[in-house]
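Visitor: Structure incoming, see below.
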Amino acid sequence: MSVEQVYVLRYRCDGTTGFRWTLRGLRADGSFYGEMQLHPSGSAPAVACCVQGQIPSDRLDEFRTHLQVIDCDCGAQLMQPHFAVMFLRKTGATGPEFVRLLNYRRGDELHCARAAAVVQMIKLVQQQLRPFQRQLLNFQRQLLNAVQPDD
């Protein structure tokens, strides 16, 4: 049985407000799936949705280059506070195995090529997630309007 390699990328793990997402199935062919949440400040409700998409074919070479930079044997990554994190999920005969590839903290890209590659990958993915962000904002607005008292 061959080993399937799928990446997991979590964005905004630090508890700050805004859009957070976890891509549980990020593949070298540019396809991905996962979930996105909007964690607002104040009393607005948090909302979430499932996401899926594909990195455009004209950006696949760039995407794969970032994967190659990130996915190197650079030793174990310790659990520590981070803004984003990337894992490799290997699925083979013995079931899934997760390998932490990189903990990203803001500013790491200034001195680490792997962190810079994660930032570029996040930018590529975020372009594909914009429709889901609009969907969550609209849903949140609908929820807020539904709970407004009538005059």
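How things are named: the first chain in the structure tokens is A, the next is B, and so on; residues count from 1 in each chain; ligands count from 1 in the order shown.
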Please provide the set of residues having any atom within 12 Å of Phe63 of chain A, restricted to only C-alpha atoms, with same-chain residues fewer than 2 positions apart removed, written as a PDB file with N, CA and C atoms, in the first residue's frame.
Guide:
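File result21.pdb, as written:
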```
ATOM      1  N   LEU A  26      -4.906  19.438   2.081  1.00  0.00           N
ATOM      2  CA  LEU A  26      -4.178  20.288   1.143  1.00  0.00           C
ATOM      3  C   LEU A  26      -3.212  19.384   0.392  1.00  0.00           C
ATOM      4  N   ARG A  27      -3.433  19.241  -0.914  1.00  0.00           N
ATOM      5  CA  ARG A  27      -2.658  18.283  -1.707  1.00  0.00           C
ATOM      6  C   ARG A  27      -1.751  18.991  -2.716  1.00  0.00           C
ATOM      7  N   ALA A  28      -0.754  18.263  -3.166  1.00  0.00           N
ATOM      8  CA  ALA A  28       0.211  18.812  -4.125  1.00  0.00           C
ATOM      9  C   ALA A  28      -0.438  19.169  -5.460  1.00  0.00           C
ATOM     10  N   ASP A  29      -1.614  18.610  -5.756  1.00  0.00           N
ATOM     11  CA  ASP A  29      -2.306  18.975  -6.995  1.00  0.00           C
ATOM     12  C   ASP A  29      -3.045  20.303  -6.862  1.00  0.00           C
ATOM     13  N   GLY A  30      -2.962  20.936  -5.670  1.00  0.00           N
ATOM     14  CA  GLY A  30      -3.582  22.238  -5.446  1.00  0.00           C
ATOM     15  C   GLY A  30      -4.996  22.177  -4.894  1.00  0.00           C
ATOM     16  N   SER A  31      -5.544  20.987  -4.741  1.00  0.00           N
ATOM     17  CA  SER A  31      -6.893  20.879  -4.179  1.00  0.00           C
ATOM     18  C   SER A  31      -6.824  20.975  -2.662  1.00  0.00           C
ATOM     19  N   GLN A  54      -9.446  24.921  -5.252  1.00  0.00           N
ATOM     20  CA  GLN A  54      -8.335  24.484  -6.088  1.00  0.00           C
ATOM     21  C   GLN A  54      -7.459  25.693  -6.369  1.00  0.00           C
ATOM     22  N   ILE A  55      -6.164  25.554  -6.141  1.00  0.00           N
ATOM     23  CA  ILE A  55      -5.223  26.598  -6.539  1.00  0.00           C
ATOM     24  C   ILE A  55      -5.251  26.640  -8.070  1.00  0.00           C
ATOM     25  N   PRO A  56      -5.357  27.824  -8.680  1.00  0.00           N
ATOM     26  CA  PRO A  56      -5.417  27.905 -10.147  1.00  0.00           C
ATOM     27  C   PRO A  56      -4.207  27.249 -10.804  1.00  0.00           C
ATOM     28  N   SER A  57      -4.437  26.666 -11.951  1.00  0.00           N
ATOM     29  CA  SER A  57      -3.381  25.923 -12.648  1.00  0.00           C
ATOM     30  C   SER A  57      -2.168  26.797 -12.966  1.00  0.00           C
ATOM     31  N   ASP A  58      -2.390  28.095 -13.218  1.00  0.00           N
ATOM     32  CA  ASP A  58      -1.248  28.961 -13.531  1.00  0.00           C
ATOM     33  C   ASP A  58      -0.416  29.321 -12.292  1.00  0.00           C
ATOM     34  N   ARG A  59      -0.869  28.912 -11.098  1.00  0.00           N
ATOM     35  CA  ARG A  59      -0.115  29.155  -9.860  1.00  0.00           C
ATOM     36  C   ARG A  59       0.368  27.856  -9.219  1.00  0.00           C
ATOM     37  N   LEU A  60       0.104  26.700  -9.866  1.00  0.00           N
ATOM     38  CA  LEU A  60       0.469  25.407  -9.266  1.00  0.00           C
ATOM     39  C   LEU A  60       1.971  25.218  -9.086  1.00  0.00           C
ATOM     40  N   ASP A  61       2.758  25.649 -10.054  1.00  0.00           N
ATOM     41  CA  ASP A  61       4.215  25.502  -9.909  1.00  0.00           C
ATOM     42  C   ASP A  61       4.717  26.277  -8.694  1.00  0.00           C
ATOM     43  N   THR A  65       6.354  24.629  -5.327  1.00  0.00           N
ATOM     44  CA  THR A  65       7.666  25.082  -4.859  1.00  0.00           C
ATOM     45  C   THR A  65       7.612  25.417  -3.375  1.00  0.00           C
ATOM     46  N   HIS A  66       6.551  26.104  -2.950  1.00  0.00           N
ATOM     47  CA  HIS A  66       6.401  26.425  -1.527  1.00  0.00           C
ATOM     48  C   HIS A  66       6.289  25.149  -0.697  1.00  0.00           C
ATOM     49  N   LEU A  67       5.545  24.165  -1.202  1.00  0.00           N
ATOM     50  CA  LEU A  67       5.431  22.888  -0.483  1.00  0.00           C
ATOM     51  C   LEU A  67       6.794  22.227  -0.317  1.00  0.00           C
ATOM     52  N   GLN A  68       7.606  22.234  -1.365  1.00  0.00           N
ATOM     53  CA  GLN A  68       8.929  21.614  -1.291  1.00  0.00           C
ATOM     54  C   GLN A  68       9.824  22.311  -0.274  1.00  0.00           C
ATOM     55  N   VAL A  69       9.742  23.623  -0.206  1.00  0.00           N
ATOM     56  CA  VAL A  69      10.557  24.377   0.756  1.00  0.00           C
ATOM     57  C   VAL A  69      10.132  24.052   2.182  1.00  0.00           C
ATOM     58  N   ILE A  70       8.813  23.989   2.401  1.00  0.00           N
ATOM     59  CA  ILE A  70       8.285  23.745   3.740  1.00  0.00           C
ATOM     60  C   ILE A  70       8.511  22.306   4.176  1.00  0.00           C
ATOM     61  N   ALA A 117       7.865  30.766   2.864  1.00  0.00           N
ATOM     62  CA  ALA A 117       7.072  29.924   1.964  1.00  0.00           C
ATOM     63  C   ALA A 117       5.666  29.709   2.521  1.00  0.00           C
ATOM     64  N   VAL A 118       5.536  29.560   3.840  1.00  0.00           N
ATOM     65  CA  VAL A 118       4.204  29.426   4.443  1.00  0.00           C
ATOM     66  C   VAL A 118       3.391  30.700   4.224  1.00  0.00           C
ATOM     67  N   VAL A 119       4.016  31.863   4.391  1.00  0.00           N
ATOM     68  CA  VAL A 119       3.316  33.132   4.165  1.00  0.00           C
ATOM     69  C   VAL A 119       2.821  33.207   2.725  1.00  0.00           C
ATOM     70  N   GLN A 120       3.650  32.826   1.770  1.00  0.00           N
ATOM     71  CA  GLN A 120       3.242  32.863   0.365  1.00  0.00           C
ATOM     72  C   GLN A 120       2.123  31.847   0.092  1.00  0.00           C
ATOM     73  N   MET A 121       2.200  30.679   0.717  1.00  0.00           N
ATOM     74  CA  MET A 121       1.152  29.681   0.546  1.00  0.00           C
ATOM     75  C   MET A 121      -0.164  30.191   1.122  1.00  0.00           C
ATOM     76  N   ILE A 122      -0.106  30.832   2.283  1.00  0.00           N
ATOM     77  CA  ILE A 122      -1.307  31.406   2.886  1.00  0.00           C
ATOM     78  C   ILE A 122      -1.933  32.420   1.937  1.00  0.00           C
ATOM     79  N   LYS A 123      -1.118  33.251   1.314  1.00  0.00           N
ATOM     80  CA  LYS A 123      -1.635  34.245   0.363  1.00  0.00           C
ATOM     81  C   LYS A 123      -2.318  33.575  -0.823  1.00  0.00           C
ATOM     82  N   LEU A 124      -1.720  32.504  -1.346  1.00  0.00           N
ATOM     83  CA  LEU A 124      -2.329  31.780  -2.462  1.00  0.00           C
ATOM     84  C   LEU A 124      -3.683  31.198  -2.059  1.00  0.00           C
ATOM     85  N   VAL A 125      -3.740  30.595  -0.899  1.00  0.00           N
ATOM     86  CA  VAL A 125      -4.982  29.969  -0.435  1.00  0.00           C
ATOM     87  C   VAL A 125      -6.033  31.028  -0.137  1.00  0.00           C
TER      88      VAL A 125
END
```
Visitor: For Ala44 of chain A, please output as a list of chain:residue names all residues within 10 Å (counting only C-alpha atoms; exclusion window: fewer than 2 positions along the same chain).
Guide: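 Neighbouring residues, sequence-local ones excluded: A:Leu38, A:His39, A:Pro40, A:Ser41, A:Gly42, A:Ala46, A:Val47, A:Gln140, A:Arg141, A:Leu143, A:Leu144.
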Visitor: In Å, rounded to a single decimal, give me how far atom CA of Asp108 of chain A is from atom CA of Gln37 of chain A.
Guide: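 Separation of atom CA of Gln37 of chain A and atom CA of Asp108 of chain A: 24.5 Å.
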Visitor: Take atom CA of Gln135 of chain A and atom CA of Thr22 of chain A and report the distance between them in Å, one decimal.
Guide: 16.7 Å
Visitor: Grab the atom CA of Gln126 of chain A to atom CA of Leu88 of chain A distance for me, in Å with one decimal place.
Guide: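 It comes out at 19.7 Å.
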Visitor: For each of A:Gly18, A:Gly34, A:Gly25, A:Pro45, take the minimum atom-to-atom distance to Asn145 of chain A, counting only C-alpha atoms, then give the residue where this is smallest.
Guide: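 Residue with the minimum atom-to-atom distance to Asn145 of chain A: A:Pro45.
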Visitor: Pick out the closest residue to Val6 of chain A from this set: A:Cys72, A:Phe83, A:Phe98, A:Gln52. Count only C-alpha atoms.
Guide: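 Ranking A:Cys72, A:Phe83, A:Phe98, A:Gln52 by distance to Val6 of chain A, first place goes to A:Phe98.
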Visitor: Which of segment 21-148 of chain A counts as alpha helix (DSSP H) under DSSP, as an MDAnalysis selection string please?
Guide: chainID A and resid 60:70 113:146
Visitor: Filtering to C-alpha atoms, could you give me those residues as a short mmCIF file (atom, residue, chain, number, x, y, z; two decimals), in the first residue's frame?
Guide:
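Below is the file that was written, selection_9.cif:
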```
data_model
loop_
_atom_site.label_atom_id
_atom_site.label_comp_id
_atom_site.auth_asym_id
_atom_site.auth_seq_id
_atom_site.Cartn_x
_atom_site.Cartn_y
_atom_site.Cartn_z
CA LEU A 60 0.47 25.41 -9.27
CA ASP A 61 4.22 25.50 -9.91
CA GLU A 62 4.60 28.31 -7.36
CA PHE A 63 2.38 26.40 -4.89
CA ARG A 64 4.41 23.18 -5.29
CA THR A 65 7.67 25.08 -4.86
CA HIS A 66 6.40 26.43 -1.53
CA LEU A 67 5.43 22.89 -0.48
CA GLN A 68 8.93 21.61 -1.29
CA VAL A 69 10.56 24.38 0.76
CA ILE A 70 8.29 23.74 3.74
CA ALA A 113 12.84 30.58 4.07
CA ARG A 114 10.34 27.94 5.25
CA ALA A 115 8.30 30.56 7.11
CA ALA A 116 8.40 32.83 4.05
CA ALA A 117 7.07 29.92 1.96
CA VAL A 118 4.20 29.43 4.44
CA VAL A 119 3.32 33.13 4.17
CA GLN A 120 3.24 32.86 0.36
CA MET A 121 1.15 29.68 0.55
CA ILE A 122 -1.31 31.41 2.89
CA LYS A 123 -1.63 34.24 0.36
CA LEU A 124 -2.33 31.78 -2.46
CA VAL A 125 -4.98 29.97 -0.43
CA GLN A 126 -6.60 33.17 0.85
CA GLN A 127 -7.32 34.24 -2.72
CA GLN A 128 -9.38 31.07 -3.15
CA LEU A 129 -11.13 31.54 0.20
CA ARG A 130 -12.50 35.04 -0.51
CA PRO A 131 -15.95 33.77 -1.64
CA PHE A 132 -16.26 31.85 1.64
CA GLN A 133 -15.29 34.97 3.61
CA ARG A 134 -18.07 36.93 1.87
CA GLN A 135 -20.49 34.09 2.61
CA LEU A 136 -19.63 34.18 6.33
CA LEU A 137 -19.90 37.97 6.52
CA ASN A 138 -23.33 37.85 4.84
CA PHE A 139 -24.50 35.09 7.16
CA GLN A 140 -23.29 37.01 10.19
CA ARG A 141 -25.18 40.12 8.98
CA GLN A 142 -28.33 38.04 8.57
CA LEU A 143 -27.97 36.72 12.11
CA LEU A 144 -27.46 40.22 13.49
CA ASN A 145 -30.49 41.55 11.59
CA ALA A 146 -32.63 38.66 12.82
#
```
Visitor: For Thr91 of chain A, work out the shell of residues within 8 Å, counting only C-alpha atoms and skipping chain neighbours fewer than 5 positions away, then give it as an NGL selection string.
Guide: :A and (3-5 or 96-97)
Visitor: Dump C-alpha atoms for the selected residues as a CSV table (one decimal), in the first residue's frame?
Guide:
```csv
chain,number,residue,atom,x,y,z
A,3,VAL,CA,1.5,6.3,1.5
A,4,GLU,CA,-0.7,9.3,0.7
A,5,GLN,CA,0.8,12.6,1.8
A,96,PRO,CA,-2.7,8.4,9.7
A,97,GLU,CA,0.5,9.9,11.1
```
Visitor: Give me, as a PyMOL selection string, the residues of segment 8-143 of chain A that a backbone DSSP run labels strand (DSSP E).
Guide: chain A and resi 8-11+18-26+31-39+47-54+84-92+95-104
Visitor: Write out as an NGL selection string which residues come within 8 Å of Met36 of chain A when counting only C-alpha atoms, dropping same-chain ones fewer than 6 positions away.
Guide: :A and (19-22 or 48-51 or 132)
Visitor: How would the residues just picked look written out with N, CA and C atoms as a CSV table (one decimal), in the first residue's frame?
Guide:
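To be explicit, this is the file written out as out-v1.csv:
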```csv
chain,number,residue,atom,x,y,z
A,19,PHE,N,-10.9,36.0,10.5
A,19,PHE,CA,-11.1,34.7,9.9
A,19,PHE,C,-10.0,33.8,10.3
A,20,ARG,N,-10.4,32.6,10.7
A,20,ARG,CA,-9.5,31.5,11.0
A,20,ARG,C,-9.9,30.3,10.1
A,21,TRP,N,-8.9,29.6,9.7
A,21,TRP,CA,-9.2,28.4,8.8
A,21,TRP,C,-8.3,27.3,9.1
A,22,THR,N,-8.8,26.1,8.8
A,22,THR,CA,-8.0,24.9,8.9
A,22,THR,C,-8.2,24.1,7.6
A,48,ALA,N,-19.4,29.8,10.9
A,48,ALA,CA,-18.4,28.9,10.3
A,48,ALA,C,-19.0,28.3,9.1
A,49,CYS,N,-18.1,27.8,8.2
A,49,CYS,CA,-18.6,27.1,7.0
A,49,CYS,C,-17.5,26.1,6.6
A,50,CYS,N,-17.9,25.1,5.8
A,50,CYS,CA,-16.9,24.2,5.1
A,50,CYS,C,-16.4,24.9,3.9
A,51,VAL,N,-15.1,24.6,3.5
A,51,VAL,CA,-14.5,25.2,2.4
A,51,VAL,C,-13.9,24.1,1.5
A,132,PHE,N,-15.8,32.4,0.4
A,132,PHE,CA,-16.3,31.8,1.6
A,132,PHE,C,-16.3,32.9,2.7
```
Visitor: Given only C-alpha atoms as the basis, pick out the residue of A:Arg105, A:Ser43, A:Val85, A:Asp71 nearest to Arg24 of chain A.
Guide: A:Val85
